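Here is data04.cif, consisting of mmCIF, C-alpha atoms:
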```
data_query
#
loop_
_atom_site.label_atom_id
_atom_site.label_comp_id
_atom_site.auth_asym_id
_atom_site.auth_seq_id
_atom_site.Cartn_x
_atom_site.Cartn_y
_atom_site.Cartn_z
CA MET A 102 2.59 -2.35 16.52
CA GLU A 103 5.61 -1.04 18.41
CA VAL A 104 4.85 -0.69 22.11
CA LYS A 105 8.31 -0.91 23.65
CA ASN A 106 8.68 2.86 24.00
CA ARG A 107 5.23 3.55 25.55
CA TYR A 108 5.42 3.66 29.34
CA ILE A 109 2.54 4.31 31.71
CA ILE A 110 2.94 6.12 35.01
CA THR A 111 -0.05 5.29 37.19
CA GLY A 112 -1.16 5.45 40.82
CA GLY A 113 -3.91 6.84 42.97
CA PRO A 114 -4.80 10.54 42.94
CA GLY A 115 -2.24 12.81 44.57
CA SER A 116 0.71 10.41 44.36
CA GLY A 117 3.00 12.64 42.29
CA LYS A 118 2.38 11.28 38.77
CA SER A 119 1.80 14.61 37.03
CA SER A 120 4.83 16.25 38.65
CA LEU A 121 6.97 13.29 37.59
CA LEU A 122 5.65 13.45 34.02
CA ASN A 123 6.42 17.18 33.84
CA ALA A 124 9.98 16.51 35.02
CA LEU A 125 10.40 13.83 32.35
CA ILE A 126 9.08 16.24 29.69
CA ASN A 127 11.58 18.85 30.91
CA LYS A 128 14.31 16.29 30.23
CA GLU A 129 13.18 16.11 26.59
CA TYR A 130 11.10 12.93 26.82
CA LYS A 131 7.73 12.88 25.09
CA GLY A 132 4.93 12.95 27.64
CA PHE A 133 1.15 12.88 27.60
CA GLU A 134 -0.91 14.72 30.22
CA GLU A 135 -3.53 12.90 32.24
CA ILE A 136 -6.67 12.88 30.08
CA SER A 137 -9.08 12.54 33.00
CA ARG A 138 -7.94 15.88 34.48
CA ILE A 139 -8.46 17.57 31.10
CA VAL A 140 -11.95 16.11 30.72
CA ILE A 141 -12.90 17.10 34.29
CA ARG A 142 -11.70 20.68 33.63
CA GLU A 143 -13.71 20.84 30.41
CA GLN A 144 -16.84 19.45 32.06
CA HIS A 145 -16.54 22.02 34.87
CA GLU A 146 -16.23 24.82 32.29
CA ILE A 147 -19.43 23.81 30.50
CA ASN A 148 -21.24 22.64 33.64
CA GLY A 149 -21.35 19.16 32.11
CA ASP A 150 -22.16 15.89 33.82
CA LYS A 151 -19.60 13.60 32.13
CA LEU A 152 -17.65 13.36 35.38
CA PRO A 153 -16.48 10.18 37.10
CA TRP A 154 -18.68 10.84 40.12
CA LYS A 155 -21.80 11.68 38.01
CA ASN A 156 -21.64 9.62 34.82
CA LEU A 157 -18.69 7.23 34.96
CA ALA A 158 -19.56 5.35 31.75
CA ALA A 159 -19.70 8.52 29.62
CA PHE A 160 -16.57 9.90 31.29
CA ALA A 161 -14.70 6.63 30.66
CA GLU A 162 -15.71 6.66 26.99
CA ILE A 163 -14.36 10.19 26.47
CA CYS A 164 -11.13 9.21 28.23
CA PHE A 165 -10.82 6.06 26.12
CA GLU A 166 -11.18 7.98 22.84
CA ARG A 167 -8.61 10.58 23.87
CA MET A 168 -6.16 8.03 25.27
CA SER A 169 -6.45 6.13 21.99
CA LYS A 170 -5.42 9.33 20.21
CA GLN A 171 -2.48 9.72 22.62
CA LEU A 172 -1.33 6.25 21.60
CA ARG A 173 -1.41 7.26 17.94
CA ASP A 174 0.52 10.43 18.79
CA CYS A 175 3.52 8.47 20.11
CA ASN A 176 5.29 8.17 16.79
CA SER A 177 8.73 8.58 18.29
CA THR A 178 11.47 6.01 18.64
CA ASN A 179 12.28 7.69 21.96
CA TYR A 180 10.42 6.95 25.19
CA CYS A 181 6.85 8.20 25.50
CA PHE A 182 5.41 8.51 29.01
CA TYR A 183 1.69 8.56 29.79
CA ASP A 184 0.09 9.98 32.94
CA ARG A 185 -2.34 7.05 33.18
CA GLY A 186 -3.24 4.61 30.43
CA ILE A 187 -6.27 2.72 29.15
CA PRO A 188 -5.89 0.05 31.88
CA ASP A 189 -6.58 2.86 34.38
CA ILE A 190 -10.00 3.30 32.77
CA ILE A 191 -10.63 -0.42 33.24
CA ALA A 192 -9.71 -0.16 36.94
CA TYR A 193 -11.95 2.88 37.52
CA VAL A 194 -14.89 1.28 35.69
CA ARG A 195 -14.46 -1.90 37.71
CA ARG A 196 -14.28 0.14 40.92
CA GLY A 197 -17.59 1.74 39.88
CA SER A 198 -19.11 -1.76 39.44
CA LEU A 199 -19.81 -1.13 35.75
CA LYS A 200 -19.29 -3.51 32.83
CA VAL A 201 -16.00 -2.82 31.06
CA PRO A 202 -16.39 -2.54 27.26
CA GLU A 203 -14.33 -5.18 25.43
CA LYS A 204 -12.57 -2.53 23.32
CA TYR A 205 -10.87 -1.21 26.48
CA TYR A 206 -9.25 -4.61 27.01
CA GLU A 207 -8.34 -4.92 23.33
CA LYS A 208 -6.46 -1.62 23.30
CA SER A 209 -4.85 -1.94 26.74
CA ASN A 210 -1.97 -4.02 25.35
CA GLN A 211 -0.59 -1.14 23.29
CA TYR A 212 1.83 -0.07 26.03
CA ASN A 213 5.09 -1.48 27.30
CA PRO A 214 4.39 -4.29 29.80
CA ILE A 215 6.43 -2.41 32.42
CA VAL A 216 4.28 0.12 34.31
CA PHE A 217 5.57 2.58 36.89
CA ILE A 218 3.12 2.89 39.78
CA ALA A 219 3.21 5.66 42.38
CA PRO A 220 2.10 4.47 45.83
CA PRO A 221 -0.23 6.50 48.05
CA TRP A 222 1.85 9.16 49.80
CA GLN A 223 0.09 11.12 52.57
CA GLU A 224 2.79 13.80 52.80
CA ILE A 225 2.29 15.03 49.21
CA PHE A 226 -1.43 14.31 48.83
CA ILE A 227 -3.68 17.32 48.12
CA ASN A 228 -7.23 17.81 46.83
CA ASP A 229 -8.27 20.21 44.11
CA ALA A 230 -11.24 20.79 41.78
CA GLU A 231 -10.11 17.96 39.51
CA ARG A 232 -9.16 15.62 42.36
CA PRO A 233 -11.94 15.55 44.96
CA GLU A 234 -10.99 12.09 46.27
CA SER A 235 -9.83 11.62 49.86
CA PHE A 236 -6.55 9.98 50.77
CA ASP A 237 -8.51 6.82 51.69
CA ASP A 238 -10.02 6.89 48.17
CA SER A 239 -6.52 7.27 46.74
CA MET A 240 -5.36 4.17 48.62
CA GLU A 241 -8.36 2.17 47.38
CA ILE A 242 -7.84 3.36 43.80
CA TYR A 243 -4.17 2.38 44.03
CA GLN A 244 -5.21 -1.18 44.96
CA PHE A 245 -7.69 -1.37 42.06
CA LEU A 246 -5.02 -0.08 39.68
CA LYS A 247 -2.34 -2.49 40.87
CA GLU A 248 -4.70 -5.49 40.71
CA THR A 249 -6.01 -4.51 37.27
CA TYR A 250 -2.55 -3.99 35.77
CA ASN A 251 -1.32 -7.29 37.21
CA GLU A 252 -4.42 -9.17 35.95
CA LEU A 253 -3.84 -7.69 32.48
CA GLY A 254 -0.29 -9.06 32.46
CA PHE A 255 1.65 -5.88 33.18
CA GLN A 256 4.58 -5.79 35.56
CA THR A 257 4.13 -2.92 38.04
CA ILE A 258 7.29 -1.26 39.29
CA GLU A 259 6.58 0.75 42.42
CA LEU A 260 8.13 4.20 42.43
CA PRO A 261 10.01 5.09 45.61
CA LYS A 262 8.73 7.89 47.85
CA VAL A 263 11.57 10.25 46.98
CA SER A 264 11.95 13.64 45.28
CA ILE A 265 10.79 14.13 41.71
CA LYS A 266 14.41 14.36 40.57
CA GLU A 267 15.16 11.04 42.26
CA ARG A 268 12.06 9.44 40.73
CA VAL A 269 13.22 10.55 37.27
CA LYS A 270 16.63 9.01 37.97
CA PHE A 271 14.93 5.81 39.21
CA ILE A 272 13.01 5.49 35.92
CA GLU A 273 16.06 6.31 33.79
CA ASN A 274 18.17 3.78 35.70
CA TYR A 275 15.47 1.14 35.36
CA LEU A 276 15.08 1.69 31.61
CA SER A 277 18.84 1.76 31.14
CA ALA A 278 19.19 -1.56 32.97
CA CYS A 279 16.46 -3.07 30.75
CA LYS A 280 18.45 -2.17 27.62
CA ASP A 281 21.53 -4.06 28.77
#
```
Just give me the structure as C-alpha cells.
Amino acid sequence: MEVKNRYIITGGPGSGKSSLLNALINKEYKGFEEISRIVIREQHEINGDKLPWKNLAAFAEICFERMSKQLRDCNSTNYCFYDRGIPDIIAYVRRGSLKVPEKYYEKSNQYNPIVFIAPPWQEIFINDAERPESFDDSMEIYQFLKETYNELGFQTIELPKVSIKERVKFIENYLSACKD
C-alpha cells in the first residue's frame, strides 16, 4: 500500500494544527479534518457519552473507524495531510491507562514515517467546547504523542513557532528537500 503521500500533523490541543491544515487545503493539498473534534461535536449535539473524558474506549473506537476511512479516501498521488492520525489514538488511550487494541497498531503504519508535530504554544492556545484541556494538559499530551510516534518508528519533525504561512512554507521546503 502506498503511504509516501500520507502525512500526519499532530501535537497537543491548541498548537495550531487545524489552522495549518486549512492553510494547506487552501493551497490545493488534500486535507482531512481532525476526527476527534467532529466526534465531540456530534456527541454534544445528541448529548452522547462517547467523549474522551467520559468513555475513552468508545470514543477511540469511533475515531479509529473514521480515521481508517480517511486513509481509504487518500487516493491521490499528491500529498494528503491529516489533522491527527491513528497513532494519536494510541497515545490518548495509553495516556488514559487503557489497553490499546492490536488493530490500532496494525493500521498505524499506513502513513508516511515523517510526522509533523506542533509543540505546545502558550501564545496561541485557547479552549473551546471541543477542546476543554488546559495548557498543562496540552503539554502532557504532546509528550505522550511524541513518545508514541517515536516508539512506533516515526520520525517527528517539530514545527517552528511561526505564522501559519511560514509553517506551510516549512512543510513544503521539507517535502521538497526529501524529493531531491
Subject >> Within 8 Å of Ile242 of chain A using all atoms listed in the file, minus same-chain residues under 3 positions, as a PyMOL selection string >> reply: chain A and resi 112-114+192-193+196+238-239+245-246
**OP:** Do a neighbour search on Leu121 of chain A at 9 Å with only C-alpha atoms, toss out local chain neighbours closer than 2 positions, and write the hits as number ranges by chain.
**Re:** A: 110, 117-119, 123-126, 184, 265-266, 268-269
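What the PyMOL selection byres ((chain A and resi 180) around 7) grabs from this file is Asn106, Arg107, Tyr130, Lys131, Thr178, Asn179, Cys181 and Phe182 of chain A.
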**OP:** Go through A:Ser116, A:Thr111, A:Ser209, A:Thr249 one by one, measure the shortest atom-to-atom distance of each to Glu135 of chain A using all atoms listed in the file, and give the residue with the smallest value.
**Re:**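 Comparing A:Ser116, A:Thr111, A:Ser209, A:Thr249 against Glu135 of chain A, the winner is A:Thr111.
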Subject >> Distance of atom CA of Leu276 of chain A from atom CA of Gly115 of chain A, expressed in Å to one decimal place >> reply: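 Atom CA of Leu276 of chain A lies 24.3 Å from atom CA of Gly115 of chain A.
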Original post:
Could you write out as a PyMOL selection string the residues that the PyMOL selection byres ((chain A and resi 150-167) around 12) matches in the shown file?
Top reply: chain A and resi 133-149+168-174+185-209+230-234
Go ahead and write the selection's residues with C-alpha atoms as a PDB file, in the coordinates of the input.
```
ATOM      1  CA  PHE A 133       1.150  12.880  27.600  1.00  0.00           C
ATOM      2  CA  GLU A 134      -0.910  14.720  30.220  1.00  0.00           C
ATOM      3  CA  GLU A 135      -3.530  12.900  32.240  1.00  0.00           C
ATOM      4  CA  ILE A 136      -6.670  12.880  30.080  1.00  0.00           C
ATOM      5  CA  SER A 137      -9.080  12.540  33.000  1.00  0.00           C
ATOM      6  CA  ARG A 138      -7.940  15.880  34.480  1.00  0.00           C
ATOM      7  CA  ILE A 139      -8.460  17.570  31.100  1.00  0.00           C
ATOM      8  CA  VAL A 140     -11.950  16.110  30.720  1.00  0.00           C
ATOM      9  CA  ILE A 141     -12.900  17.100  34.290  1.00  0.00           C
ATOM     10  CA  ARG A 142     -11.700  20.680  33.630  1.00  0.00           C
ATOM     11  CA  GLU A 143     -13.710  20.840  30.410  1.00  0.00           C
ATOM     12  CA  GLN A 144     -16.840  19.450  32.060  1.00  0.00           C
ATOM     13  CA  HIS A 145     -16.540  22.020  34.870  1.00  0.00           C
ATOM     14  CA  GLU A 146     -16.230  24.820  32.290  1.00  0.00           C
ATOM     15  CA  ILE A 147     -19.430  23.810  30.500  1.00  0.00           C
ATOM     16  CA  ASN A 148     -21.240  22.640  33.640  1.00  0.00           C
ATOM     17  CA  GLY A 149     -21.350  19.160  32.110  1.00  0.00           C
ATOM     18  CA  MET A 168      -6.160   8.030  25.270  1.00  0.00           C
ATOM     19  CA  SER A 169      -6.450   6.130  21.990  1.00  0.00           C
ATOM     20  CA  LYS A 170      -5.420   9.330  20.210  1.00  0.00           C
ATOM     21  CA  GLN A 171      -2.480   9.720  22.620  1.00  0.00           C
ATOM     22  CA  LEU A 172      -1.330   6.250  21.600  1.00  0.00           C
ATOM     23  CA  ARG A 173      -1.410   7.260  17.940  1.00  0.00           C
ATOM     24  CA  ASP A 174       0.520  10.430  18.790  1.00  0.00           C
ATOM     25  CA  ARG A 185      -2.340   7.050  33.180  1.00  0.00           C
ATOM     26  CA  GLY A 186      -3.240   4.610  30.430  1.00  0.00           C
ATOM     27  CA  ILE A 187      -6.270   2.720  29.150  1.00  0.00           C
ATOM     28  CA  PRO A 188      -5.890   0.050  31.880  1.00  0.00           C
ATOM     29  CA  ASP A 189      -6.580   2.860  34.380  1.00  0.00           C
ATOM     30  CA  ILE A 190     -10.000   3.300  32.770  1.00  0.00           C
ATOM     31  CA  ILE A 191     -10.630  -0.420  33.240  1.00  0.00           C
ATOM     32  CA  ALA A 192      -9.710  -0.160  36.940  1.00  0.00           C
ATOM     33  CA  TYR A 193     -11.950   2.880  37.520  1.00  0.00           C
ATOM     34  CA  VAL A 194     -14.890   1.280  35.690  1.00  0.00           C
ATOM     35  CA  ARG A 195     -14.460  -1.900  37.710  1.00  0.00           C
ATOM     36  CA  ARG A 196     -14.280   0.140  40.920  1.00  0.00           C
ATOM     37  CA  GLY A 197     -17.590   1.740  39.880  1.00  0.00           C
ATOM     38  CA  SER A 198     -19.110  -1.760  39.440  1.00  0.00           C
ATOM     39  CA  LEU A 199     -19.810  -1.130  35.750  1.00  0.00           C
ATOM     40  CA  LYS A 200     -19.290  -3.510  32.830  1.00  0.00           C
ATOM     41  CA  VAL A 201     -16.000  -2.820  31.060  1.00  0.00           C
ATOM     42  CA  PRO A 202     -16.390  -2.540  27.260  1.00  0.00           C
ATOM     43  CA  GLU A 203     -14.330  -5.180  25.430  1.00  0.00           C
ATOM     44  CA  LYS A 204     -12.570  -2.530  23.320  1.00  0.00           C
ATOM     45  CA  TYR A 205     -10.870  -1.210  26.480  1.00  0.00           C
ATOM     46  CA  TYR A 206      -9.250  -4.610  27.010  1.00  0.00           C
ATOM     47  CA  GLU A 207      -8.340  -4.920  23.330  1.00  0.00           C
ATOM     48  CA  LYS A 208      -6.460  -1.620  23.300  1.00  0.00           C
ATOM     49  CA  SER A 209      -4.850  -1.940  26.740  1.00  0.00           C
ATOM     50  CA  ALA A 230     -11.240  20.790  41.780  1.00  0.00           C
ATOM     51  CA  GLU A 231     -10.110  17.960  39.510  1.00  0.00           C
ATOM     52  CA  ARG A 232      -9.160  15.620  42.360  1.00  0.00           C
ATOM     53  CA  PRO A 233     -11.940  15.550  44.960  1.00  0.00           C
ATOM     54  CA  GLU A 234     -10.990  12.090  46.270  1.00  0.00           C
TER      55      GLU A 234
END
```
Subject >> Output check: residues returned by the PyMOL selection byres ((chain A and resi 262) around 10), as a PyMOL selection string >> reply: chain A and resi 116-117+219-222+224-225+259-261+263-265+267-268
Would you save the residues of that selection, restricted to C-alpha atoms, as a compact mmCIF listing (two decimals), in the frame of the given file?
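Okay, result.txt is ready:
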```
# COMPACT_ATOMS: atom_id res chain seq x y z
CA SER A 116 0.71 10.41 44.36
CA GLY A 117 3.00 12.64 42.29
CA ALA A 219 3.21 5.66 42.38
CA PRO A 220 2.10 4.47 45.83
CA PRO A 221 -0.23 6.50 48.05
CA TRP A 222 1.85 9.16 49.80
CA GLU A 224 2.79 13.80 52.80
CA ILE A 225 2.29 15.03 49.21
CA GLU A 259 6.58 0.75 42.42
CA LEU A 260 8.13 4.20 42.43
CA PRO A 261 10.01 5.09 45.61
CA VAL A 263 11.57 10.25 46.98
CA SER A 264 11.95 13.64 45.28
CA ILE A 265 10.79 14.13 41.71
CA GLU A 267 15.16 11.04 42.26
CA ARG A 268 12.06 9.44 40.73
```
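Here atom CA of Gly254 of chain A and atom CA of Phe217 of chain A stand 13.8 Å from one another.
Of the listed residues (A:Met240, A:Ile109, A:Leu253, A:Val216), A:Ile109 comes nearest to Tyr183 of chain A; the distances count all atoms listed in the file.
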**OP:** Have a look at atom CA of Leu122 of chain A and atom CA of Glu252 of chain A and let me know their distance in Å, one decimal.
**Re:**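 Between these atoms lies a distance of 24.8 Å.
Among the candidates A:Cys175, A:Ile218, A:Ile227, A:Ala278, the one nearest to Tyr250 of chain A when counting only C-alpha atoms is A:Ile218.
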Just write segment 166-188 of chain A with N, CA and C atoms, as an mmCIF file, in the first residue's frame, taken from the block above.
```cif
data_model
loop_
_atom_site.group_PDB
_atom_site.id
_atom_site.type_symbol
_atom_site.label_atom_id
_atom_site.label_comp_id
_atom_site.auth_asym_id
_atom_site.auth_seq_id
_atom_site.Cartn_x
_atom_site.Cartn_y
_atom_site.Cartn_z
ATOM 1 N N GLU A 166 -12.363 4.019 13.446
ATOM 2 C CA GLU A 166 -13.145 3.663 12.258
ATOM 3 C C GLU A 166 -13.145 4.806 11.248
ATOM 4 N N ARG A 167 -13.316 6.017 11.729
ATOM 5 C CA ARG A 167 -13.372 7.158 10.809
ATOM 6 C C ARG A 167 -11.996 7.515 10.251
ATOM 7 N N MET A 168 -10.955 7.361 11.046
ATOM 8 C CA MET A 168 -9.605 7.604 10.531
ATOM 9 C C MET A 168 -9.225 6.543 9.500
ATOM 10 N N SER A 169 -9.704 5.330 9.686
ATOM 11 C CA SER A 169 -9.464 4.272 8.704
ATOM 12 C C SER A 169 -10.113 4.644 7.373
ATOM 13 N N LYS A 170 -11.298 5.224 7.441
ATOM 14 C CA LYS A 170 -11.967 5.689 6.221
ATOM 15 C C LYS A 170 -11.172 6.828 5.586
ATOM 16 N N GLN A 171 -10.648 7.748 6.401
ATOM 17 C CA GLN A 171 -9.824 8.824 5.849
ATOM 18 C C GLN A 171 -8.628 8.261 5.077
ATOM 19 N N LEU A 172 -8.029 7.209 5.607
ATOM 20 C CA LEU A 172 -6.904 6.589 4.903
ATOM 21 C C LEU A 172 -7.340 6.083 3.534
ATOM 22 N N ARG A 173 -8.494 5.443 3.476
ATOM 23 C CA ARG A 173 -9.007 4.942 2.194
ATOM 24 C C ARG A 173 -9.326 6.087 1.235
ATOM 25 N N ASP A 174 -9.696 7.239 1.782
ATOM 26 C CA ASP A 174 -10.082 8.384 0.958
ATOM 27 C C ASP A 174 -8.894 9.135 0.368
ATOM 28 N N CYS A 175 -7.688 8.785 0.742
ATOM 29 C CA CYS A 175 -6.492 9.412 0.155
ATOM 30 C C CYS A 175 -6.087 8.575 -1.049
ATOM 31 N N ASN A 176 -6.755 8.820 -2.152
ATOM 32 C CA ASN A 176 -6.469 8.056 -3.364
ATOM 33 C C ASN A 176 -5.746 8.925 -4.383
ATOM 34 N N SER A 177 -5.083 9.933 -3.886
ATOM 35 C CA SER A 177 -4.390 10.899 -4.718
ATOM 36 C C SER A 177 -2.908 10.564 -4.782
ATOM 37 N N THR A 178 -2.273 10.952 -5.872
ATOM 38 C CA THR A 178 -0.816 10.829 -5.933
ATOM 39 C C THR A 178 -0.170 12.066 -5.320
ATOM 40 N N ASN A 179 -0.981 13.091 -5.079
ATOM 41 C CA ASN A 179 -0.485 14.303 -4.410
ATOM 42 C C ASN A 179 -0.447 14.070 -2.904
ATOM 43 N N TYR A 180 0.114 15.016 -2.184
ATOM 44 C CA TYR A 180 0.200 14.909 -0.727
ATOM 45 C C TYR A 180 -1.183 14.972 -0.095
ATOM 46 N N CYS A 181 -1.386 14.127 0.908
ATOM 47 C CA CYS A 181 -2.582 14.153 1.747
ATOM 48 C C CYS A 181 -2.099 14.454 3.167
ATOM 49 N N PHE A 182 -2.737 15.415 3.810
ATOM 50 C CA PHE A 182 -2.373 15.794 5.174
ATOM 51 C C PHE A 182 -3.528 15.478 6.117
ATOM 52 N N TYR A 183 -3.175 14.918 7.260
ATOM 53 C CA TYR A 183 -4.160 14.503 8.264
ATOM 54 C C TYR A 183 -3.947 15.292 9.549
ATOM 55 N N ASP A 184 -5.017 15.899 10.049
ATOM 56 C CA ASP A 184 -5.003 16.540 11.369
ATOM 57 C C ASP A 184 -5.199 15.404 12.375
ATOM 58 N N ARG A 185 -4.108 14.854 12.816
ATOM 59 C CA ARG A 185 -4.007 13.673 13.679
ATOM 60 C C ARG A 185 -4.130 12.393 12.861
ATOM 61 N N GLY A 186 -3.549 11.328 13.388
ATOM 62 C CA GLY A 186 -3.599 10.029 12.746
ATOM 63 C C GLY A 186 -3.875 8.949 13.775
ATOM 64 N N ILE A 187 -3.957 7.721 13.324
ATOM 65 C CA ILE A 187 -4.251 6.596 14.214
ATOM 66 C C ILE A 187 -3.247 6.495 15.370
ATOM 67 N N PRO A 188 -1.951 6.800 15.166
ATOM 68 C CA PRO A 188 -1.047 6.780 16.323
ATOM 69 C C PRO A 188 -1.459 7.756 17.442
#
```
